[in-house]
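The structure appears below as structure tokens.
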Number of protein chains: 2
Amino acid sequence: MKFLRSHLMGKWIEPGEDSGVHVIDPSTEEPLAAVSSAGVDFKAAVEYAQLEGGRALREMTFAERGELLIGMSRAIHSKRNELLELSMRSCGSTRKDSKFDIDGATGTLYHYGALGKELGETHRLVDGEGEPLGRSAIYWGRHGRIARDGVAVHINAFNFPAWGFAEKAAAAILAGMPVITKPASSTSIVTESCIEAVVDSAVLPDGVLGLICGSIGDLFDHLTGQDVVAFTGSAATAFRIRSNENLLRQSTPINIEADSLNAAILAPDVEPGSELWRLFVREVTREVTQKSGQKCTAVRRIMVPHDRISDLQQDLCEELATRVVGNPFDESVNVGPLATADQLSSVLEGTASLREVADLVAGSGERVDGIGAEPGKGYFFAPTLLQLRDGDSDDLIHDLEVFGPVSTICPFDGEAATAACLNSKGKGTLVTSVYSDQEQWTFDLLRRCGAWSGRFYLASEKMISQAPGSGVALPQSLHGGPGRAGGGEELGGIRALDLYTQRVAFQGTRRAVESFLTDR
Amino acid sequence: MKFLRSHLMGKWIEPGEDSGVHVIDPSTEEPLAAVSSAGVDFKAAVEYAQLEGGRALREMTFAERGELLIGMSRAIHSKRNELLELSMRSCGSTRKDSKFDIDGATGTLYHYGALGKELGETHRLVDGEGEPLGRSAIYWGRHGRIARDGVAVHINAFNFPAWGFAEKAAAAILAGMPVITKPASSTSIVTESCIEAVVDSAVLPDGVLGLICGSIGDLFDHLTGQDVVAFTGSAATAFRIRSNENLLRQSTPINIEADSLNAAILAPDVEPGSELWRLFVREVTREVTQKSGQKCTAVRRIMVPHDRISDLQQDLCEELATRVVGNPFDESVNVGPLATADQLSSVLEGTASLREVADLVAGSGERVDGIGAEPGKGYFFAPTLLQLRDGDSDDLIHDLEVFGPVSTICPFDGEAATAACLNSKGKGTLVTSVYSDQEQWTFDLLRRCGAWSGRFYLASEKMISQAPGSGVALPQSLHGGPGRAGGGEELGGIRALDLYTQRVAFQGTRRAVESFLTDR
């Protein structure tokens with residue numbers, strides 16, 4: 001059995017023992033590797049990153065840190081094929097879905113690398129313009145952002161073992177903070193391989209990027225108010241992290257990106273069969289089936305005017321019929337298995353719960369055998385569409401997230417006010433998408449529920465040729481959302497650096513404040 | 001006995017019973033009023049603010065909300081003399097210190113009112129420029145800030161019953177969020193009187209500003225992820241608020257501004273007797289004695305090169321000798337009593353602890369009788385200076401905040417690196433002040449500990465004529481700090497609105513995104 005290693009304090013650490021946590025091929029149920037962080041000295045690892053990695057990064061300019069990211073991007077890209085295969089095998093992702101993760105990682109690292117080069121040969125970020133604070137310009141004030149004097153601890157979800165690590169690390173390293181990254185064990189073999197590529201390329205100074213495969217032990221007990229924790233995953237784990245006494249006492253900044261009940265809203269002006277209608281059908285289907293629905297931005301609620309329901313059911317079912325569930329190594333397959341046995345159980349259970357208030361429109365609610373897989377083996381679940389039953393309460397639909405290829409149609413009366421209210425019932429989303437060519441309808445909705453989502457994807461006929469779908473987390477746009485979605489912020493270009501920097505007010509003579517902040 | 005009232009759901013609520021919590025005149029120990037929120041329906045109060053107040057504010061433009069703030073400022077200013085006297089009587093603040101609070105409140109409201117008028121006839125804030133997200137400008141992205149769809153709950157400290165309420169309320173109301181404010185009971189008589197002025201002026205729509213005098217009961221249980229909590233006060237209470245299970249589960253944004261061990265650092269280039277030296281002596285003395293040292297920005301640690309210690313001790317003691325402790329209504333008095341019996345106990349205890357590692361330079365460490373006060377009555381404590389003893393550990397000096405007119409001299413070797421290290425030992429400050437005419441020395445220090453403070457006050461010869469001292473929280477500059485200081489951000493001009501708005505990424509056609517965000 002292969003053991004996954006951690007990489008801390010500038011060296012690889014072989015686990016001392018098999019903790020029984022294994023990486024399993026979800027198509028065959030064969031074990032691929034064992035994961036354990038037994039024997040790791042987390043206190044020493046934190047201090048090493050804070051001191052060695054932090055010092056090295058803070059001495060660099062943004063342009064130099066940008067070079068590091070471009071180097072990381074190249075190192076990972078150089079073993080792209082190996083990583084894609086590893087992702088197909090360990091995550092159950094199709095080759096296309098694996099590219100979404102691996103190329104997303106290298107693309108985001110490259111994007112932030114280029115941003116660093118744009119920021120240039122400076123060490124500090126200014127925040128707004130300077131201004132006189134007194135009666136004249138003698139007493140001057142300006143804000144700057146200074147890299148926090150600690151380590152960024154990143155805890156990632158199983159669904160994006162490459163992109164999840166890379167998008168967080170890119171922002172922290174560019175800001176000037178070293179990183180310790182901890183992937184979800186079930187798919188950590190991909191992250192370990194990415195880090196191996198980076199380590200082998202020798203592009204990073206020691207201490208800038210650490211990896212923990214396995215549990216993080218007592219790591220949180222060693223963090224201070226200058227460190228940062230960023231987590232992506234379930235609300236339950238987010239609550240546990242946020243409740244950590246040391247983090248609470250130290251005011252350690254914590255960023256949470258939790259799964260949410262994202263909504264796709266079809267406005268009443270969209271005619272069945274129109275271009276925009278067809279975009280809606282294609283994109284909703286993709287957002288339900290991509291990565292087998294294991295995507296924090298997946299569409300969980302489909303809001304459709306009453307009089308469009310039967311047309312839409314038919315078109316969605318037709319589109320879903322093109323999806324083939326099975327082993328990603330079978331060429332006919334375009335939807336892989338769920339990532340783990342636990343995920344399958346949870347999706348089966350969740351779908352059963354939804355059926356208490358919703359009828360099946362597509363899918364059986366049961367595990368299925370996969371194409372190219374041994375019968376009875378593998379965590380396969382077919383794309384599943386439900387529809388809220390007339391007269392039943394919709395509370396559960398807006399509250400229970402089933403983290404698989406499962407989505408529920410919620411009929412509404414076509415009013416923007418109603419759609420806004422339904423969207424808000426999800427208690428905060430990462431993304432809400434609206435399909436309409438009537439701007440006033442869309443704006444009415446946005447005015448009513450604009451604060452309930454971290455991102456609004458406004459689809460209309462004019463942008464169809466360039467529409468990427470609502471599920472893509474672009475490095476330029478913020479990723480995160482209020483309430484249920486965790487209340488965090490990631491990406492968004494330079495905004496991603498906010499988490500890793502302390503915003504500081506500098507007051508003094510104009511000359512002193514400006515020279516320090518602009519590095520002159 | 002006068003009962004303080006709460007103002008919720010558009011009406012005054014008389015407390016149903018005396019809970020035994022009283023407002024006491026700290027100079028005479030006479031009770032002035034009783035405080036209780038018994039009988040308040042907090043759930044209804046929260047819903048009323050969310051629905052009525054929120055709707056009214058969100059329909060207004062920034063200019064209109066700015067008008068509300070200017071109206072509040074005028075209403076409070078119109079009873080300035082009454083408020084000053086109430087502050088002198090209930091807080092024990094001198095008339096000058098009371099102006100700091102009352103005029104600070106009206107000034108900050110006015111400042112944000114003017115900012116609203118500058119922002120003009122729009123409802124939404126843009127955040128950065130728009131940009132193409134695809135290969136052409138067809139698919140466009142831009143960020144905006146949208147008022148959160150909830151209520152801002154403000155919990156304030158006893159030391160600034162007017163300014164503390166006003167600076168928080170100004171930002172929330174301008175952003176478009178209704179407010180429920182809860183002053184510390186011991187000085188809430190001043191806040192009640194401010195709110196009474198605002199209510200009588202009828203300047204605000206119903207539900208925009210609520211007041212709770214007394215405990216907040218189960219209020220937190222009724223908040224969601226769209227609501228906001230902002231707290232100023234002790235680290236212990238901050239921890240309790242942050243640990244609230246409902247707030248943690250809902251991802252309710254929480255801003256904490258906690259007391260911190262602010263440092264004033266004298267650089268080795270400053271010659272005894274020079275202009276800058278004299279500024280240091282004057283400002284440190286003011287930052288130790290103003291509001292009887294009960295100021296979150298007060299200087300708690302005075303870092304001085306070894307060879308300047310004896311000159312500085314002498315000059316500080318000379319300056320402190322001009323301070324007269326007593327009843328604020330006595331004209332010779334310039335330092336009032338501590339605000340409560342509990343504060344006095346805590347300061348006595350804290351000073352005794354500090355004396356385990358530090359010697360008294362000024363003050364006796366005991367309660368004193370106040371000028372113009374009955375002997376044995378009143379919570380008087382004289383300005384107290386200590387100095388770390390040679391050879392003793394300085395850990396306690398950097399860890400124990402004594403919230404009164406108490407500060408400790410920490411000798412150091414004159415190196416910027418040492419001063420930076422000592423500053424960081426405080427685990428995060430609201431403000432650190434540096435007195436030097438050698439920019440390179442200052443910059444060296446800032447490079448080493450720039451992320452450990454929310455604000456740096458850089459004093460030098462050139463700005464002496466305009467120097468306001470480090471303790472003033474200007475509306476233009478951020479107020480808050482990392483770690484020990486709570487990790488929050490208040491004020492800072494328009495930055496104050498961040499807490500009360502959701503930053504949202506809008507993606508769509510350029511036309512749709514820009515028209516919605518710019519309100520055209």
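Residue numbers start at 1 in each chain; chains themselves are named A, B, ... in the order of the structure tokens; ligands are numbered from 1 in the order shown.
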Residues of chain B within 6 Å of chain A, only C-alpha atoms counted, as an mmCIF file with N, CA and C atoms, in the first residue's frame:
```cif
data_model
loop_
_atom_site.group_PDB
_atom_site.id
_atom_site.type_symbol
_atom_site.label_atom_id
_atom_site.label_comp_id
_atom_site.auth_asym_id
_atom_site.auth_seq_id
_atom_site.Cartn_x
_atom_site.Cartn_y
_atom_site.Cartn_z
ATOM 1 N N ILE B 138 -18.387 41.141 -24.264
ATOM 2 C CA ILE B 138 -19.781 40.692 -24.206
ATOM 3 C C ILE B 138 -20.131 40.178 -22.806
ATOM 4 N N TYR B 139 -19.213 39.399 -22.235
ATOM 5 C CA TYR B 139 -19.450 38.862 -20.891
ATOM 6 C C TYR B 139 -18.632 39.702 -19.916
ATOM 7 N N ILE B 146 -23.971 45.599 -1.565
ATOM 8 C CA ILE B 146 -25.414 45.688 -1.400
ATOM 9 C C ILE B 146 -25.731 45.643 0.094
ATOM 10 N N ARG B 148 -26.965 44.752 3.523
ATOM 11 C CA ARG B 148 -27.463 43.480 4.044
ATOM 12 C C ARG B 148 -28.930 43.623 4.438
ATOM 13 N N GLY B 225 -27.882 35.220 9.000
ATOM 14 C CA GLY B 225 -26.662 35.578 8.279
ATOM 15 C C GLY B 225 -26.723 36.930 7.594
ATOM 16 N N GLN B 250 -25.089 30.630 11.749
ATOM 17 C CA GLN B 250 -25.680 31.464 10.700
ATOM 18 C C GLN B 250 -24.637 32.238 9.910
ATOM 19 N N SER B 251 -23.365 32.115 10.294
ATOM 20 C CA SER B 251 -22.299 32.940 9.694
ATOM 21 C C SER B 251 -22.642 34.426 9.803
ATOM 22 N N ALA B 451 2.012 44.665 10.581
ATOM 23 C CA ALA B 451 0.735 43.945 10.559
ATOM 24 C C ALA B 451 0.166 43.742 11.963
ATOM 25 N N GLY B 454 -3.650 48.175 13.989
ATOM 26 C CA GLY B 454 -4.632 48.671 13.042
ATOM 27 C C GLY B 454 -4.322 50.088 12.585
ATOM 28 N N ARG B 455 -3.466 50.769 13.348
ATOM 29 C CA ARG B 455 -3.148 52.151 12.984
ATOM 30 C C ARG B 455 -1.775 52.493 13.519
ATOM 31 N N PHE B 456 -0.987 53.190 12.716
ATOM 32 C CA PHE B 456 0.294 53.715 13.190
ATOM 33 C C PHE B 456 0.230 55.232 13.133
ATOM 34 N N TYR B 457 0.546 55.817 14.257
ATOM 35 C CA TYR B 457 0.604 57.278 14.376
ATOM 36 C C TYR B 457 2.082 57.635 14.365
ATOM 37 N N LEU B 458 2.525 58.265 13.286
ATOM 38 C CA LEU B 458 3.949 58.540 13.108
ATOM 39 C C LEU B 458 4.213 60.014 13.401
ATOM 40 N N ALA B 459 4.695 60.275 14.596
ATOM 41 C CA ALA B 459 4.913 61.658 15.009
ATOM 42 C C ALA B 459 6.339 62.077 14.676
ATOM 43 N N MET B 463 5.212 67.542 11.874
ATOM 44 C CA MET B 463 3.745 67.546 12.013
ATOM 45 C C MET B 463 3.289 68.008 13.396
ATOM 46 N N SER B 477 -9.970 57.497 9.354
ATOM 47 C CA SER B 477 -8.992 56.414 9.490
ATOM 48 C C SER B 477 -9.613 55.201 10.163
ATOM 49 N N LEU B 478 -9.220 54.024 9.716
ATOM 50 C CA LEU B 478 -9.735 52.799 10.319
ATOM 51 C C LEU B 478 -9.474 52.771 11.809
ATOM 52 N N GLY B 483 -5.719 40.584 16.284
ATOM 53 C CA GLY B 483 -5.443 39.789 17.481
ATOM 54 C C GLY B 483 -6.116 40.313 18.725
ATOM 55 N N GLY B 486 -9.004 42.539 18.682
ATOM 56 C CA GLY B 486 -10.302 42.023 18.276
ATOM 57 C C GLY B 486 -10.426 41.643 16.816
ATOM 58 N N GLY B 487 -9.507 42.133 15.992
ATOM 59 C CA GLY B 487 -9.541 41.749 14.571
ATOM 60 C C GLY B 487 -10.586 42.487 13.761
ATOM 61 N N GLN B 502 -23.024 43.398 1.635
ATOM 62 C CA GLN B 502 -22.515 42.152 1.061
ATOM 63 C C GLN B 502 -21.801 42.523 -0.234
ATOM 64 N N VAL B 504 -20.776 41.662 -3.717
ATOM 65 C CA VAL B 504 -21.377 40.721 -4.667
ATOM 66 C C VAL B 504 -20.717 40.877 -6.030
ATOM 67 N N ALA B 505 -20.412 39.753 -6.662
ATOM 68 C CA ALA B 505 -19.914 39.773 -8.039
ATOM 69 C C ALA B 505 -21.109 39.693 -8.976
ATOM 70 N N PHE B 506 -21.213 40.633 -9.898
ATOM 71 C CA PHE B 506 -22.271 40.598 -10.910
ATOM 72 C C PHE B 506 -21.634 40.248 -12.247
ATOM 73 N N GLN B 507 -22.228 39.266 -12.908
ATOM 74 C CA GLN B 507 -21.710 38.815 -14.197
ATOM 75 C C GLN B 507 -22.847 38.811 -15.197
ATOM 76 N N GLY B 508 -22.630 39.369 -16.371
ATOM 77 C CA GLY B 508 -23.670 39.384 -17.398
ATOM 78 C C GLY B 508 -23.219 40.264 -18.548
#
```
query: Which residues, written as JSON, numbers by chain, have at least one atom at most 8 Å from segment 106-121 of chain A, with only C-alpha atoms counted and residues fewer than 5 positions away on the same chain left out?
result: {"A": [61, 62, 63, 64, 65, 66, 67, 68, 69, 70, 72, 73, 74, 76, 77, 163, 166, 167, 170, 171, 174, 475, 493, 494]}
Selection: 6 Å around segment 39-52 of chain B, only C-alpha atoms, excl. self and same-chain fewer than 2 positions, as a PyMOL selection string: chain B and resi 8-9+37+54-55+150-151+207+219+222
Kindly export the residues of the current selection with all heavy atoms, as a PDB file, in the first residue's frame.
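To be explicit, this is the file written out as again.pdb:
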```pdb
ATOM      1  N   LEU B   8     -38.062  50.607  21.100  1.00  0.00           N
ATOM      2  CA  LEU B   8     -38.104  49.523  20.115  1.00  0.00           C
ATOM      3  C   LEU B   8     -39.472  49.524  19.443  1.00  0.00           C
ATOM      4  O   LEU B   8     -40.460  49.930  20.053  1.00  0.00           O
ATOM      5  CB  LEU B   8     -37.862  48.172  20.799  1.00  0.00           C
ATOM      6  CG  LEU B   8     -36.457  47.975  21.405  1.00  0.00           C
ATOM      7  CD1 LEU B   8     -36.449  46.819  22.390  1.00  0.00           C
ATOM      8  CD2 LEU B   8     -35.413  47.738  20.313  1.00  0.00           C
ATOM      9  N   MET B   9     -39.524  49.056  18.206  1.00  0.00           N
ATOM     10  CA  MET B   9     -40.787  48.967  17.469  1.00  0.00           C
ATOM     11  C   MET B   9     -41.510  50.313  17.471  1.00  0.00           C
ATOM     12  O   MET B   9     -42.735  50.375  17.621  1.00  0.00           O
ATOM     13  CB  MET B   9     -41.668  47.865  18.055  1.00  0.00           C
ATOM     14  CG  MET B   9     -40.976  46.517  17.944  1.00  0.00           C
ATOM     15  SD  MET B   9     -41.920  45.157  18.621  1.00  0.00           S
ATOM     16  CE  MET B   9     -41.477  45.270  20.337  1.00  0.00           C
ATOM     17  N   SER B  37     -34.223  45.613  31.007  1.00  0.00           N
ATOM     18  CA  SER B  37     -34.960  45.374  29.769  1.00  0.00           C
ATOM     19  C   SER B  37     -35.990  44.266  29.966  1.00  0.00           C
ATOM     20  O   SER B  37     -36.451  43.657  29.003  1.00  0.00           O
ATOM     21  CB  SER B  37     -33.995  45.015  28.632  1.00  0.00           C
ATOM     22  OG  SER B  37     -33.348  43.793  28.936  1.00  0.00           O
ATOM     23  N   GLY B  54     -35.446  48.322   7.730  1.00  0.00           N
ATOM     24  CA  GLY B  54     -34.669  47.913   6.565  1.00  0.00           C
ATOM     25  C   GLY B  54     -35.319  48.374   5.272  1.00  0.00           C
ATOM     26  O   GLY B  54     -34.657  48.925   4.389  1.00  0.00           O
ATOM     27  N   ARG B  55     -36.625  48.174   5.165  1.00  0.00           N
ATOM     28  CA  ARG B  55     -37.322  48.571   3.944  1.00  0.00           C
ATOM     29  C   ARG B  55     -37.182  50.072   3.712  1.00  0.00           C
ATOM     30  O   ARG B  55     -36.855  50.528   2.616  1.00  0.00           O
ATOM     31  CB  ARG B  55     -38.794  48.173   4.044  1.00  0.00           C
ATOM     32  CG  ARG B  55     -39.596  48.515   2.798  1.00  0.00           C
ATOM     33  CD  ARG B  55     -40.826  47.644   2.677  1.00  0.00           C
ATOM     34  NE  ARG B  55     -41.456  47.439   3.994  1.00  0.00           N
ATOM     35  CZ  ARG B  55     -42.197  46.387   4.317  1.00  0.00           C
ATOM     36  NH1 ARG B  55     -42.429  45.438   3.433  1.00  0.00           N
ATOM     37  NH2 ARG B  55     -42.733  46.268   5.519  1.00  0.00           N
ATOM     38  N   GLY B 150     -30.857  42.846   6.840  1.00  0.00           N
ATOM     39  CA  GLY B 150     -31.114  42.495   8.237  1.00  0.00           C
ATOM     40  C   GLY B 150     -30.955  43.705   9.132  1.00  0.00           C
ATOM     41  O   GLY B 150     -31.100  44.840   8.696  1.00  0.00           O
ATOM     42  N   VAL B 151     -30.645  43.424  10.407  1.00  0.00           N
ATOM     43  CA  VAL B 151     -30.473  44.509  11.380  1.00  0.00           C
ATOM     44  C   VAL B 151     -29.050  44.459  11.943  1.00  0.00           C
ATOM     45  O   VAL B 151     -28.473  43.383  12.103  1.00  0.00           O
ATOM     46  CB  VAL B 151     -31.526  44.398  12.512  1.00  0.00           C
ATOM     47  CG1 VAL B 151     -31.405  43.084  13.262  1.00  0.00           C
ATOM     48  CG2 VAL B 151     -31.404  45.555  13.503  1.00  0.00           C
ATOM     49  N   GLY B 207     -38.263  52.141  13.096  1.00  0.00           N
ATOM     50  CA  GLY B 207     -37.525  50.889  12.928  1.00  0.00           C
ATOM     51  C   GLY B 207     -36.090  51.072  12.517  1.00  0.00           C
ATOM     52  O   GLY B 207     -35.323  50.109  12.467  1.00  0.00           O
ATOM     53  N   LEU B 219     -31.779  37.953  22.328  1.00  0.00           N
ATOM     54  CA  LEU B 219     -31.756  38.624  21.023  1.00  0.00           C
ATOM     55  C   LEU B 219     -30.926  37.871  19.976  1.00  0.00           C
ATOM     56  O   LEU B 219     -31.349  37.714  18.828  1.00  0.00           O
ATOM     57  CB  LEU B 219     -31.243  40.060  21.187  1.00  0.00           C
ATOM     58  CG  LEU B 219     -31.262  40.918  19.919  1.00  0.00           C
ATOM     59  CD1 LEU B 219     -31.643  42.353  20.267  1.00  0.00           C
ATOM     60  CD2 LEU B 219     -29.921  40.922  19.217  1.00  0.00           C
ATOM     61  N   HIS B 222     -32.278  35.268  17.515  1.00  0.00           N
ATOM     62  CA  HIS B 222     -33.189  35.638  16.435  1.00  0.00           C
ATOM     63  C   HIS B 222     -32.461  36.243  15.242  1.00  0.00           C
ATOM     64  O   HIS B 222     -33.101  36.731  14.313  1.00  0.00           O
ATOM     65  CB  HIS B 222     -34.254  36.599  16.971  1.00  0.00           C
ATOM     66  CG  HIS B 222     -34.928  36.076  18.194  1.00  0.00           C
ATOM     67  ND1 HIS B 222     -35.683  34.919  18.169  1.00  0.00           N
ATOM     68  CD2 HIS B 222     -34.912  36.482  19.486  1.00  0.00           C
ATOM     69  CE1 HIS B 222     -36.117  34.662  19.391  1.00  0.00           C
ATOM     70  NE2 HIS B 222     -35.660  35.598  20.201  1.00  0.00           N
TER      71      HIS B 222
END
```
message: Just want the 12 Å neighbourhood of Ile24 of chain B, counted on only C-alpha atoms, with same-chain residues fewer than 2 positions away dropped. Output as a PyMOL selection string.
response: chain B and resi 1-2+20-22+26-35+86-92+185-189+337-342+377-379
field: Residue set, segment 343-492 of chain A restricted to strand (DSSP E or B), as a ChimeraX atom specification
entry: /A:358-362,367,371,381,384-388,406-412,429,432-435,453,455-459,478-479,490-491
For N, CA and C atoms, I'd like the residues from the last selection saved as an mmCIF file, in the first residue's frame.
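Contents of part.cif, freshly written:
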```cif
data_model
loop_
_atom_site.group_PDB
_atom_site.id
_atom_site.type_symbol
_atom_site.label_atom_id
_atom_site.label_comp_id
_atom_site.auth_asym_id
_atom_site.auth_seq_id
_atom_site.Cartn_x
_atom_site.Cartn_y
_atom_site.Cartn_z
ATOM 1 N N ALA A 358 -41.219 15.987 -2.696
ATOM 2 C CA ALA A 358 -41.003 16.194 -4.134
ATOM 3 C C ALA A 358 -41.082 14.867 -4.879
ATOM 4 N N ASP A 359 -41.541 14.944 -6.127
ATOM 5 C CA ASP A 359 -41.635 13.748 -6.959
ATOM 6 C C ASP A 359 -40.408 13.635 -7.858
ATOM 7 N N LEU A 360 -40.031 12.403 -8.163
ATOM 8 C CA LEU A 360 -38.928 12.183 -9.104
ATOM 9 C C LEU A 360 -39.377 12.540 -10.516
ATOM 10 N N VAL A 361 -38.534 13.282 -11.217
ATOM 11 C CA VAL A 361 -38.786 13.591 -12.620
ATOM 12 C C VAL A 361 -37.801 12.805 -13.476
ATOM 13 N N ALA A 362 -36.581 12.665 -12.985
ATOM 14 C CA ALA A 362 -35.576 11.828 -13.641
ATOM 15 C C ALA A 362 -34.753 11.159 -12.558
ATOM 16 N N ARG A 367 -28.901 3.659 -5.975
ATOM 17 C CA ARG A 367 -27.596 3.444 -6.578
ATOM 18 C C ARG A 367 -27.797 2.718 -7.906
ATOM 19 N N ILE A 371 -21.457 2.093 -16.215
ATOM 20 C CA ILE A 371 -20.886 1.567 -17.462
ATOM 21 C C ILE A 371 -19.370 1.408 -17.271
ATOM 22 N N PHE A 381 -24.398 6.989 -9.045
ATOM 23 C CA PHE A 381 -25.744 7.535 -8.815
ATOM 24 C C PHE A 381 -26.111 8.358 -10.040
ATOM 25 N N THR A 384 -30.376 13.136 -11.120
ATOM 26 C CA THR A 384 -31.710 12.992 -10.526
ATOM 27 C C THR A 384 -32.398 14.355 -10.433
ATOM 28 N N LEU A 385 -33.583 14.384 -10.991
ATOM 29 C CA LEU A 385 -34.345 15.629 -10.978
ATOM 30 C C LEU A 385 -35.617 15.386 -10.183
ATOM 31 N N LEU A 386 -35.948 16.316 -9.292
ATOM 32 C CA LEU A 386 -37.195 16.205 -8.549
ATOM 33 C C LEU A 386 -38.024 17.458 -8.775
ATOM 34 N N GLN A 387 -39.293 17.346 -8.397
ATOM 35 C CA GLN A 387 -40.120 18.548 -8.458
ATOM 36 C C GLN A 387 -40.997 18.635 -7.223
ATOM 37 N N LEU A 388 -40.974 19.799 -6.609
ATOM 38 C CA LEU A 388 -41.790 20.032 -5.412
ATOM 39 C C LEU A 388 -43.242 19.675 -5.711
ATOM 40 N N VAL A 406 -28.127 16.025 -8.077
ATOM 41 C CA VAL A 406 -29.521 16.062 -7.625
ATOM 42 C C VAL A 406 -29.982 17.513 -7.559
ATOM 43 N N SER A 407 -31.135 17.790 -8.160
ATOM 44 C CA SER A 407 -31.658 19.152 -8.124
ATOM 45 C C SER A 407 -33.182 19.099 -8.129
ATOM 46 N N THR A 408 -33.798 20.140 -7.602
ATOM 47 C CA THR A 408 -35.254 20.137 -7.458
ATOM 48 C C THR A 408 -35.879 21.339 -8.163
ATOM 49 N N ILE A 409 -36.913 21.066 -8.945
ATOM 50 C CA ILE A 409 -37.656 22.136 -9.608
ATOM 51 C C ILE A 409 -38.670 22.732 -8.629
ATOM 52 N N CYS A 410 -38.604 24.066 -8.472
ATOM 53 C CA CYS A 410 -39.563 24.761 -7.610
ATOM 54 C C CYS A 410 -40.413 25.677 -8.484
ATOM 55 N N PRO A 411 -41.672 25.328 -8.724
ATOM 56 C CA PRO A 411 -42.529 26.187 -9.535
ATOM 57 C C PRO A 411 -42.851 27.483 -8.776
ATOM 58 N N PHE A 412 -42.966 28.578 -9.517
ATOM 59 C CA PHE A 412 -43.391 29.834 -8.879
ATOM 60 C C PHE A 412 -44.287 30.605 -9.841
ATOM 61 N N THR A 429 -26.535 32.095 -0.837
ATOM 62 C CA THR A 429 -25.946 31.205 -1.840
ATOM 63 C C THR A 429 -24.589 31.728 -2.313
ATOM 64 N N THR A 432 -26.343 32.723 -7.620
ATOM 65 C CA THR A 432 -27.714 32.617 -8.102
ATOM 66 C C THR A 432 -27.680 33.052 -9.558
ATOM 67 N N SER A 433 -28.305 32.246 -10.430
ATOM 68 C CA SER A 433 -28.310 32.626 -11.846
ATOM 69 C C SER A 433 -29.725 32.994 -12.264
ATOM 70 N N VAL A 434 -29.817 34.019 -13.081
ATOM 71 C CA VAL A 434 -31.108 34.520 -13.542
ATOM 72 C C VAL A 434 -31.076 34.527 -15.065
ATOM 73 N N TYR A 435 -32.082 33.928 -15.669
ATOM 74 C CA TYR A 435 -32.164 33.869 -17.127
ATOM 75 C C TYR A 435 -33.339 34.734 -17.568
ATOM 76 N N SER A 453 -26.673 36.607 -2.060
ATOM 77 C CA SER A 453 -25.794 35.767 -2.866
ATOM 78 C C SER A 453 -24.444 36.433 -3.008
ATOM 79 N N ARG A 455 -22.643 35.959 -5.658
ATOM 80 C CA ARG A 455 -22.450 36.203 -7.083
ATOM 81 C C ARG A 455 -23.782 36.031 -7.802
ATOM 82 N N PHE A 456 -24.052 36.923 -8.745
ATOM 83 C CA PHE A 456 -25.227 36.769 -9.601
ATOM 84 C C PHE A 456 -24.741 36.601 -11.035
ATOM 85 N N TYR A 457 -25.203 35.538 -11.643
ATOM 86 C CA TYR A 457 -24.882 35.246 -13.039
ATOM 87 C C TYR A 457 -26.136 35.610 -13.824
ATOM 88 N N LEU A 458 -26.046 36.681 -14.622
ATOM 89 C CA LEU A 458 -27.221 37.205 -15.320
ATOM 90 C C LEU A 458 -27.149 36.801 -16.790
ATOM 91 N N ALA A 459 -27.877 35.753 -17.119
ATOM 92 C CA ALA A 459 -27.830 35.238 -18.484
ATOM 93 C C ALA A 459 -28.919 35.894 -19.321
ATOM 94 N N LEU A 478 -15.414 37.414 -7.207
ATOM 95 C CA LEU A 478 -15.453 36.857 -5.858
ATOM 96 C C LEU A 478 -16.152 35.512 -5.840
ATOM 97 N N HIS A 479 -15.653 34.624 -4.975
ATOM 98 C CA HIS A 479 -16.238 33.308 -4.761
ATOM 99 C C HIS A 479 -16.487 33.184 -3.258
ATOM 100 N N GLU A 490 -13.425 34.540 -1.443
ATOM 101 C CA GLU A 490 -12.176 34.098 -2.055
ATOM 102 C C GLU A 490 -12.123 34.688 -3.457
ATOM 103 N N LEU A 491 -10.964 34.626 -4.070
ATOM 104 C CA LEU A 491 -10.767 35.099 -5.457
ATOM 105 C C LEU A 491 -11.200 36.570 -5.604
#
```
Residue with smallest distance to Asp200 of chain A - pool A:Gly71, A:Pro161, A:Pro405, A:Gly336, counting only C-alpha atoms: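 So, comparing all the options, the nearest one is A:Gly71.
Coordinates place atom CA of Val190 of chain A at a distance of 21.2 Å from atom CA of Thr297 of chain A.
Closest to Leu125 of chain A among A:Ser234, A:Thr518, A:Thr322, A:Gln343 is A:Thr518, based on only C-alpha atoms.
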- prompt: Which residue out of A:Glu319, A:Asp413, A:Asp101, A:Glu271 has the minimum interatomic distance to Phe158 of chain A when only C-alpha atoms are used?
  reply: A:Asp101
